[in-house]
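Trainee: This is query-v4.csv (CSV, C-alpha atoms).
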chain,number,residue,atom,x,y,z
A,1,MET,CA,0.0,0.0,0.0
A,2,THR,CA,1.5,3.3,-1.0
A,3,GLU,CA,1.7,6.2,1.5
A,4,SER,CA,-0.5,9.1,0.7
A,5,LYS,CA,1.2,12.3,-0.4
A,6,PRO,CA,1.0,15.1,2.1
A,7,ILE,CA,-1.0,18.2,1.4
A,8,VAL,CA,1.5,21.1,0.8
A,9,ASP,CA,0.5,24.6,0.0
A,10,ALA,CA,2.9,27.5,-0.6
A,11,VAL,CA,2.6,31.2,0.3
A,12,VAL,CA,4.8,33.5,-1.7
A,13,LEU,CA,5.1,37.1,-0.4
A,14,ALA,CA,5.1,39.4,-3.4
A,15,ALA,CA,3.4,42.6,-2.2
A,16,GLY,CA,6.4,44.9,-1.9
A,17,LYS,CA,7.0,48.0,-4.1
A,18,GLY,CA,10.8,47.5,-4.2
A,19,THR,CA,11.6,51.2,-3.9
A,20,ARG,CA,15.4,50.6,-4.1
A,21,MET,CA,14.9,49.3,-7.6
A,22,LYS,CA,14.4,52.9,-8.7
A,23,SER,CA,11.4,51.8,-10.9
A,24,ASP,CA,7.6,51.8,-10.5
A,25,LEU,CA,7.6,48.2,-11.7
A,26,PRO,CA,6.8,45.8,-8.8
A,27,LYS,CA,10.1,44.4,-7.5
A,28,VAL,CA,9.0,40.8,-8.2
A,29,LEU,CA,8.4,41.5,-11.9
A,30,HIS,CA,12.0,42.6,-12.6
A,31,GLU,CA,13.6,39.9,-14.8
A,32,ILE,CA,16.8,37.9,-14.8
A,33,ALA,CA,17.6,35.3,-17.4
A,34,GLY,CA,14.4,36.2,-19.3
A,35,LYS,CA,12.0,35.5,-16.4
A,36,SER,CA,10.6,37.6,-13.6
A,37,LEU,CA,11.9,37.1,-10.0
A,38,LEU,CA,8.5,35.8,-9.0
A,39,GLY,CA,8.4,33.5,-12.0
A,40,HIS,CA,11.7,31.9,-10.9
A,41,VAL,CA,10.3,31.3,-7.4
A,42,LEU,CA,7.0,29.9,-8.7
A,43,ASP,CA,8.8,27.5,-11.0
A,44,THR,CA,10.9,26.3,-8.1
A,45,VAL,CA,7.8,25.7,-6.0
A,46,VAL,CA,6.2,23.6,-8.8
A,47,GLU,CA,9.5,21.7,-9.3
A,48,VAL,CA,9.2,20.3,-5.7
A,49,GLY,CA,5.6,19.1,-6.5
A,50,ILE,CA,3.6,21.8,-4.7
A,51,ASP,CA,0.5,22.2,-6.8
A,52,HIS,CA,-1.3,25.0,-4.9
A,53,THR,CA,0.4,28.4,-4.3
A,54,VAL,CA,-1.1,31.5,-2.7
A,55,VAL,CA,0.7,34.7,-4.0
A,56,VAL,CA,0.3,37.7,-1.7
A,57,VAL,CA,0.2,40.8,-3.8
A,58,GLY,CA,0.1,44.6,-3.0
A,59,HIS,CA,1.9,47.1,-5.2
A,60,LYS,CA,0.4,47.1,-8.7
A,61,ALA,CA,-1.5,43.9,-7.7
A,62,ASP,CA,-3.3,43.6,-11.0
A,63,LEU,CA,-0.1,43.7,-13.0
A,64,VAL,CA,1.4,41.0,-10.9
A,65,ARG,CA,-1.7,38.8,-11.4
A,66,GLU,CA,-1.8,39.4,-15.1
A,67,THR,CA,1.9,38.7,-15.6
A,68,CYS,CA,2.2,35.6,-13.4
A,69,ALA,CA,-1.2,33.9,-13.6
A,70,GLY,CA,-1.2,30.2,-14.0
A,71,PRO,CA,-2.7,26.9,-12.9
A,72,GLY,CA,-2.7,26.2,-9.2
A,73,LEU,CA,-2.2,29.9,-8.3
A,74,ASP,CA,-4.4,32.0,-6.0
A,75,PHE,CA,-3.7,35.7,-5.6
A,76,VAL,CA,-4.7,37.6,-2.4
A,77,LEU,CA,-4.4,41.3,-1.7
A,78,GLN,CA,-2.4,42.6,1.3
A,79,GLU,CA,-3.6,46.2,1.8
A,80,PRO,CA,-2.4,47.9,3.9
A,81,GLN,CA,1.0,46.0,4.3
A,82,LEU,CA,1.6,45.4,8.0
A,83,GLY,CA,4.5,43.0,7.9
A,84,THR,CA,5.3,39.4,6.9
A,85,GLY,CA,3.1,37.9,9.6
A,86,HIS,CA,0.2,40.0,8.3
A,87,ALA,CA,0.9,38.9,4.7
A,88,VAL,CA,0.5,35.3,5.7
A,89,GLN,CA,-2.6,36.0,7.7
A,90,VAL,CA,-4.1,37.4,4.5
A,91,ALA,CA,-3.4,34.1,2.8
A,92,VAL,CA,-5.0,31.9,5.4
A,93,PRO,CA,-8.5,31.6,3.9
A,94,SER,CA,-6.8,30.0,0.8
A,95,LEU,CA,-4.9,27.3,2.7
A,96,ARG,CA,-6.0,23.7,2.9
A,97,GLU,CA,-6.5,22.0,6.2
A,98,GLY,CA,-4.5,19.0,7.5
A,99,GLY,CA,-1.3,19.7,5.6
A,100,PHE,CA,1.8,21.8,5.5
A,101,THR,CA,2.5,25.4,4.4
A,102,VAL,CA,5.7,26.6,2.8
A,103,VAL,CA,6.3,30.4,3.1
A,104,LEU,CA,8.9,32.2,1.0
A,105,ALA,CA,9.5,35.5,-0.6
A,106,GLY,CA,8.9,36.3,-4.3
A,107,ASP,CA,12.4,37.9,-4.6
A,108,VAL,CA,14.6,34.8,-4.0
A,109,PRO,CA,15.1,33.6,-7.5
A,110,LEU,CA,18.3,31.6,-6.8
A,111,LEU,CA,16.7,29.2,-4.3
A,112,ARG,CA,17.4,25.6,-5.5
A,113,ALA,CA,14.5,23.1,-5.8
A,114,ASP,CA,16.5,20.5,-3.9
A,115,THR,CA,17.0,22.9,-1.0
A,116,LEU,CA,13.3,23.6,-0.8
A,117,GLN,CA,12.6,19.9,-1.1
A,118,ARG,CA,14.9,19.2,1.9
A,119,LEU,CA,12.9,21.7,3.9
A,120,VAL,CA,9.6,20.2,3.1
A,121,ASP,CA,10.8,16.6,3.6
A,122,GLY,CA,12.4,17.6,6.9
A,123,THR,CA,9.2,19.1,8.2
A,124,VAL,CA,7.1,16.1,7.1
A,125,SER,CA,9.5,13.5,8.5
A,126,SER,CA,10.5,15.2,11.7
A,127,GLY,CA,7.1,15.9,13.1
A,128,ALA,CA,8.3,19.5,13.9
A,129,ALA,CA,5.6,22.2,14.1
A,130,ALA,CA,7.8,24.3,11.9
A,131,VAL,CA,11.2,24.2,10.2
A,132,VAL,CA,13.1,27.2,9.1
A,133,LEU,CA,15.7,27.3,6.4
A,134,THR,CA,18.9,28.8,7.8
A,135,CYS,CA,22.4,29.7,6.6
A,136,VAL,CA,25.6,30.1,8.6
A,137,VAL,CA,28.1,32.9,7.9
A,138,PRO,CA,30.8,34.7,9.9
A,139,ASP,CA,28.7,37.9,10.1
A,140,ALA,CA,24.9,37.7,9.5
A,141,GLY,CA,24.6,41.5,9.2
A,142,ALA,CA,21.0,42.7,9.1
A,143,TYR,CA,19.4,39.2,9.0
A,144,GLY,CA,17.4,37.8,11.9
A,145,ARG,CA,19.4,35.5,14.2
A,146,ILE,CA,18.5,31.9,15.0
A,147,VAL,CA,18.6,31.3,18.7
A,148,LYS,CA,18.9,27.7,19.7
A,149,ASP,CA,19.0,25.7,23.0
A,150,GLY,CA,21.8,23.4,24.1
A,151,ALA,CA,20.2,20.5,22.1
A,152,GLY,CA,20.1,22.5,18.9
A,153,GLN,CA,16.4,23.1,18.8
A,154,VAL,CA,15.3,26.5,17.5
A,155,GLN,CA,14.0,28.7,20.4
A,156,LYS,CA,13.3,32.0,18.6
A,157,ILE,CA,14.3,34.2,15.7
A,158,VAL,CA,15.4,37.7,16.7
A,159,GLU,CA,15.4,40.5,14.1
A,160,ALA,CA,18.8,42.2,14.0
A,161,ARG,CA,17.3,45.6,15.0
A,162,ASP,CA,15.8,44.0,18.1
A,163,ALA,CA,18.8,41.7,19.0
A,164,SER,CA,21.2,42.0,21.9
A,165,PRO,CA,24.9,42.1,21.4
A,166,ALA,CA,25.2,38.4,22.2
A,167,GLU,CA,22.4,37.6,19.7
A,168,LEU,CA,24.1,39.7,17.0
A,169,ALA,CA,27.2,37.5,17.4
A,170,ILE,CA,25.3,34.5,16.2
A,171,GLY,CA,26.2,33.5,12.6
A,172,GLU,CA,23.2,31.4,11.8
A,173,TYR,CA,20.5,33.5,10.3
A,174,ASN,CA,16.9,33.2,9.0
A,175,THR,CA,16.6,33.0,5.2
A,176,GLY,CA,12.9,33.8,5.3
A,177,VAL,CA,11.9,30.4,4.0
A,178,PHE,CA,9.8,28.3,6.3
A,179,CYS,CA,7.7,25.1,6.3
A,180,PHE,CA,4.9,24.8,8.9
A,181,GLN,CA,2.4,22.2,9.9
A,182,THR,CA,-0.6,24.3,8.7
A,183,GLU,CA,-2.7,23.8,11.9
A,184,HIS,CA,0.2,25.1,14.1
A,185,LEU,CA,0.8,28.0,11.7
A,186,LEU,CA,-2.8,29.2,12.0
A,187,SER,CA,-2.6,29.1,15.8
A,188,ALA,CA,0.7,31.0,15.8
A,189,LEU,CA,-0.5,33.7,13.4
A,190,ASP,CA,-3.4,34.4,15.8
A,191,SER,CA,-0.8,35.2,18.6
A,192,LEU,CA,1.1,37.9,16.7
A,193,THR,CA,1.4,41.4,18.0
A,194,THR,CA,3.2,44.6,16.8
A,195,ASP,CA,5.4,44.9,19.9
A,196,ASN,CA,8.7,45.5,18.1
A,197,GLN,CA,10.8,48.3,16.6
A,198,GLN,CA,8.9,48.3,13.3
A,199,GLY,CA,5.4,48.1,14.7
A,200,GLU,CA,4.7,45.2,12.3
A,201,TYR,CA,3.4,41.7,12.6
A,202,TYR,CA,6.6,39.5,12.2
A,203,LEU,CA,6.2,36.0,10.8
A,204,THR,CA,9.3,35.2,12.7
A,205,ASP,CA,7.5,35.7,16.0
A,206,THR,CA,5.5,32.5,15.3
A,207,VAL,CA,8.6,30.5,16.2
A,208,ALA,CA,8.7,31.6,19.8
A,209,HIS,CA,4.9,31.1,20.1
A,210,LEU,CA,5.2,27.5,19.0
A,211,VAL,CA,8.2,26.8,21.3
A,212,ASN,CA,6.3,28.4,24.2
A,213,ARG,CA,3.5,25.9,23.6
A,214,GLY,CA,6.0,23.0,23.8
A,215,LEU,CA,6.1,22.4,20.1
A,216,PRO,CA,9.4,21.5,18.4
A,217,VAL,CA,10.9,23.9,15.8
A,218,ALA,CA,13.8,22.7,13.8
A,219,ALA,CA,16.3,24.1,11.2
A,220,VAL,CA,17.4,22.9,7.8
A,221,THR,CA,20.6,24.6,6.7
A,222,THR,CA,21.9,25.6,3.3
A,223,ALA,CA,25.7,26.0,2.9
A,224,ASP,CA,25.2,28.5,0.0
A,225,PRO,CA,24.3,32.1,1.0
A,226,GLU,CA,23.9,33.0,-2.7
A,227,GLU,CA,20.8,30.9,-3.1
A,228,VAL,CA,18.8,32.7,-0.4
A,229,VAL,CA,19.7,36.3,-1.2
A,230,GLY,CA,16.7,38.5,-1.7
A,231,ILE,CA,16.9,41.0,-4.6
A,232,ASN,CA,16.4,44.6,-3.5
A,233,THR,CA,18.6,46.7,-5.9
A,234,VAL,CA,19.6,46.9,-9.5
A,235,ASP,CA,23.1,45.8,-8.6
A,236,GLU,CA,21.7,42.7,-6.8
A,237,LEU,CA,19.6,42.0,-9.8
A,238,ALA,CA,22.7,42.0,-12.0
A,239,ALA,CA,24.6,39.8,-9.5
A,240,ALA,CA,21.8,37.3,-9.5
A,241,GLU,CA,21.8,37.1,-13.2
A,242,ALA,CA,25.5,36.4,-13.2
A,243,ILE,CA,25.1,33.6,-10.7
A,244,LEU,CA,22.4,32.0,-12.8
A,245,ALA,CA,24.7,32.2,-15.8
A,246,ARG,CA,27.4,30.5,-13.8
A,247,ARG,CA,25.0,27.7,-13.0
A,248,GLY,CA,24.2,27.3,-16.7
A,249,ALA,CA,20.6,28.4,-16.3
Could you spell out this file's structure in structure tokens?
Mentor:
Amino acid sequence: MTESKPIVDAVVLAAGKGTRMKSDLPKVLHEIAGKSLLGHVLDTVVEVGIDHTVVVVGHKADLVRETCAGPGLDFVLQEPQLGTGHAVQVAVPSLREGGFTVVLAGDVPLLRADTLQRLVDGTVSSGAAAVVLTCVVPDAGAYGRIVKDGAGQVQKIVEARDASPAELAIGEYNTGVFCFQTEHLLSALDSLTTDNQQGEYYLTDTVAHLVNRGLPVAAVTTADPEEVVGINTVDELAAAEAILARRGA
């Protein structure tokens, strides 16, 4: 008897304007290698066998819908934009019960399908309430730090602007790519507050909520910082195109 395939949805965050691109075109519609940033991300999601994706749109939402529409895609509008946690809250009505939800940004076109597959498989097989994709570097700069206990279990993610000096010294950072058991994601989203420097609902705060409820949160690590870089400027766009060219894409 074959094991049934788990239900996996994806939520792709694509509402941002991308001011630093110096263009009115939504950031996720800028192209590398003849395809939009969002198009690369959606192709990667499909490559790992996820057949239902919710795209959270905001700036020039209709243009993003028209450009990237396809089978298995739902588009939901985030207006106003109150943070990453709020973006996922907007997607909740489109999620299916009893499965898993991958969350990632629409501006990470270099993410490899096998890395995303490891994240999904790790969540399904481990029984963790959530698994975060992390990367380890000597200096994690402005990225959120992964705080673990002595056994290596994730305890919380601290945004750099809210971190203590000891936390800033941590080299393992949050890439912004997650996989959750959907039922636990929904509970954690309900707990979010805006008690932080930005006054926003942080998706990362769901981790501490799950841990405080006694639910395990784990990490899957990529050794390649290039594949999890978000594209925010014209220079970063050009650098990403060069990386794809090196890969032979």
Trainee: Can you build me a table of range 3-78 of chain A residues sitting at most 9 Å from range 96-103 of chain A, with the closest atom pair per residue and its distance in Å to one decimal, using all atoms listed in the file, sorted by chain and residue number, as CSV?
Mentor:
residue,atom,partner,partner_atom,distance
A:Pro6,CA,A:Gly99,CA,6.2
A:Ile7,CA,A:Gly99,CA,4.5
A:Val8,CA,A:Phe100,CA,4.8
A:Asp9,CA,A:Thr101,CA,4.9
A:Ala10,CA,A:Val102,CA,4.5
A:Val11,CA,A:Val103,CA,4.7
A:Val12,CA,A:Val103,CA,5.9
A:Leu13,CA,A:Val103,CA,7.7
Trainee: Export, as a PDB file, in the coordinates of the input, the selected residues with C-alpha atoms.
Mentor:
ATOM      1  CA  PRO A   6       1.000  15.100   2.100  1.00  0.00           C
ATOM      2  CA  ILE A   7      -1.000  18.200   1.400  1.00  0.00           C
ATOM      3  CA  VAL A   8       1.500  21.100   0.800  1.00  0.00           C
ATOM      4  CA  ASP A   9       0.500  24.600   0.000  1.00  0.00           C
ATOM      5  CA  ALA A  10       2.900  27.500  -0.600  1.00  0.00           C
ATOM      6  CA  VAL A  11       2.600  31.200   0.300  1.00  0.00           C
ATOM      7  CA  VAL A  12       4.800  33.500  -1.700  1.00  0.00           C
ATOM      8  CA  LEU A  13       5.100  37.100  -0.400  1.00  0.00           C
TER       9      LEU A  13
END
Trainee: For Ala160 in chain A, which residue among A:Gly127, A:Gln197, A:Val217, A:Thr53 is the nearest when counting all atoms listed in the file?
Mentor: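 Comparing A:Gly127, A:Gln197, A:Val217, A:Thr53 against Ala160 in chain A, the winner is A:Gln197.
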Trainee: Using Å and a single decimal, report how far CA of Val228 in chain A sits from CA of Leu110 in chain A.
Mentor: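 Taking CA of Leu110 in chain A as the start and CA of Val228 in chain A as the end point, the length is 6.5 Å.
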Trainee: Between A:Asp205, A:Asp162, A:Glu47, A:Asp224, which one has atoms that come closest to His86 in chain A, using only C-alpha atoms?
Mentor: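 Among the listed residues, A:Asp205 lies closest to His86 in chain A.
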Trainee: Find the residues near range 129-137 of chain A: any atom within 9 Å, counting all atoms listed in the file, skip ones fewer than 4 places away on the same chain, and give them as a ChimeraX atom specification.
Mentor: /A:115-116,119-120,122-123,146,154,170-185,207,210-211,215-225,228
Trainee: Find the distance between CA of Thr204 in chain A and CA of Leu104 in chain A and write it in Å to one decimal.
Mentor: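 Taking CA of Thr204 in chain A as the start and CA of Leu104 in chain A as the end point, the length is 12.1 Å.
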Trainee: How many Å lie between CA of Gly39 in chain A and CA of Glu200 in chain A, rounded to one decimal?
Mentor: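 Spanning CA of Gly39 in chain A to CA of Glu200 in chain A is a straight-line distance of 27.2 Å.
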Trainee: Name the residues in contact with range 31-36 of chain A at a cut-off of 12 Å, using only C-alpha atoms, excluding same-chain residues fewer than 6 positions from it; report them as number ranges by chain.
Mentor: A: 14, 21, 25, 42-43, 64, 67-68, 106-110, 231, 234-249
Trainee: With only C-alpha atoms as the atoms that count, which of A:Ala169, A:Ala15, A:Val55, A:Val124 lies nearest to Arg145 in chain A?
Mentor: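 Selected residue with least distance to Arg145 in chain A: A:Ala169.
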Trainee: Emit range 126-214 of chain A of the structure in the block as a file comprising C-alpha atoms, as a short mmCIF file (atom, residue, chain, number, x, y, z; two decimals), in the first residue's frame.
Mentor:
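What landed in selection_9.cif:
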data_model
loop_
_atom_site.label_atom_id
_atom_site.label_comp_id
_atom_site.auth_asym_id
_atom_site.auth_seq_id
_atom_site.Cartn_x
_atom_site.Cartn_y
_atom_site.Cartn_z
CA SER A 126 10.50 15.21 11.69
CA GLY A 127 7.08 15.94 13.10
CA ALA A 128 8.25 19.49 13.92
CA ALA A 129 5.60 22.18 14.07
CA ALA A 130 7.83 24.30 11.86
CA VAL A 131 11.20 24.15 10.16
CA VAL A 132 13.15 27.23 9.12
CA LEU A 133 15.72 27.29 6.37
CA THR A 134 18.90 28.81 7.80
CA CYS A 135 22.38 29.72 6.62
CA VAL A 136 25.59 30.14 8.64
CA VAL A 137 28.09 32.91 7.86
CA PRO A 138 30.76 34.73 9.87
CA ASP A 139 28.68 37.93 10.09
CA ALA A 140 24.92 37.73 9.55
CA GLY A 141 24.58 41.51 9.17
CA ALA A 142 20.97 42.69 9.11
CA TYR A 143 19.44 39.20 9.03
CA GLY A 144 17.37 37.75 11.87
CA ARG A 145 19.40 35.50 14.17
CA ILE A 146 18.50 31.89 14.96
CA VAL A 147 18.59 31.33 18.73
CA LYS A 148 18.88 27.65 19.72
CA ASP A 149 18.95 25.72 22.98
CA GLY A 150 21.76 23.38 24.05
CA ALA A 151 20.16 20.50 22.14
CA GLY A 152 20.14 22.45 18.88
CA GLN A 153 16.40 23.09 18.82
CA VAL A 154 15.31 26.50 17.54
CA GLN A 155 13.96 28.68 20.36
CA LYS A 156 13.26 31.95 18.57
CA ILE A 157 14.27 34.22 15.71
CA VAL A 158 15.41 37.68 16.71
CA GLU A 159 15.38 40.45 14.12
CA ALA A 160 18.76 42.21 13.98
CA ARG A 161 17.28 45.56 15.00
CA ASP A 162 15.78 43.95 18.13
CA ALA A 163 18.78 41.73 18.99
CA SER A 164 21.16 41.99 21.94
CA PRO A 165 24.94 42.12 21.35
CA ALA A 166 25.18 38.40 22.22
CA GLU A 167 22.44 37.55 19.73
CA LEU A 168 24.07 39.67 17.04
CA ALA A 169 27.20 37.53 17.43
CA ILE A 170 25.25 34.47 16.20
CA GLY A 171 26.24 33.54 12.63
CA GLU A 172 23.20 31.38 11.84
CA TYR A 173 20.47 33.47 10.27
CA ASN A 174 16.90 33.22 9.05
CA THR A 175 16.63 33.04 5.25
CA GLY A 176 12.91 33.83 5.34
CA VAL A 177 11.95 30.40 3.99
CA PHE A 178 9.79 28.26 6.28
CA CYS A 179 7.68 25.13 6.30
CA PHE A 180 4.92 24.78 8.90
CA GLN A 181 2.35 22.23 9.87
CA THR A 182 -0.61 24.30 8.75
CA GLU A 183 -2.69 23.84 11.92
CA HIS A 184 0.18 25.15 14.05
CA LEU A 185 0.83 28.03 11.66
CA LEU A 186 -2.77 29.21 12.02
CA SER A 187 -2.58 29.12 15.81
CA ALA A 188 0.72 31.00 15.83
CA LEU A 189 -0.53 33.67 13.44
CA ASP A 190 -3.39 34.40 15.83
CA SER A 191 -0.83 35.17 18.56
CA LEU A 192 1.12 37.85 16.68
CA THR A 193 1.44 41.39 18.04
CA THR A 194 3.19 44.55 16.80
CA ASP A 195 5.37 44.92 19.89
CA ASN A 196 8.66 45.53 18.07
CA GLN A 197 10.78 48.32 16.59
CA GLN A 198 8.90 48.34 13.27
CA GLY A 199 5.39 48.11 14.70
CA GLU A 200 4.67 45.22 12.31
CA TYR A 201 3.43 41.65 12.56
CA TYR A 202 6.59 39.54 12.16
CA LEU A 203 6.18 36.03 10.79
CA THR A 204 9.34 35.15 12.72
CA ASP A 205 7.48 35.65 16.02
CA THR A 206 5.47 32.50 15.27
CA VAL A 207 8.56 30.47 16.20
CA ALA A 208 8.67 31.64 19.83
CA HIS A 209 4.91 31.09 20.10
CA LEU A 210 5.24 27.47 18.98
CA VAL A 211 8.20 26.84 21.30
CA ASN A 212 6.32 28.38 24.25
CA ARG A 213 3.53 25.88 23.60
CA GLY A 214 6.04 23.04 23.83
#
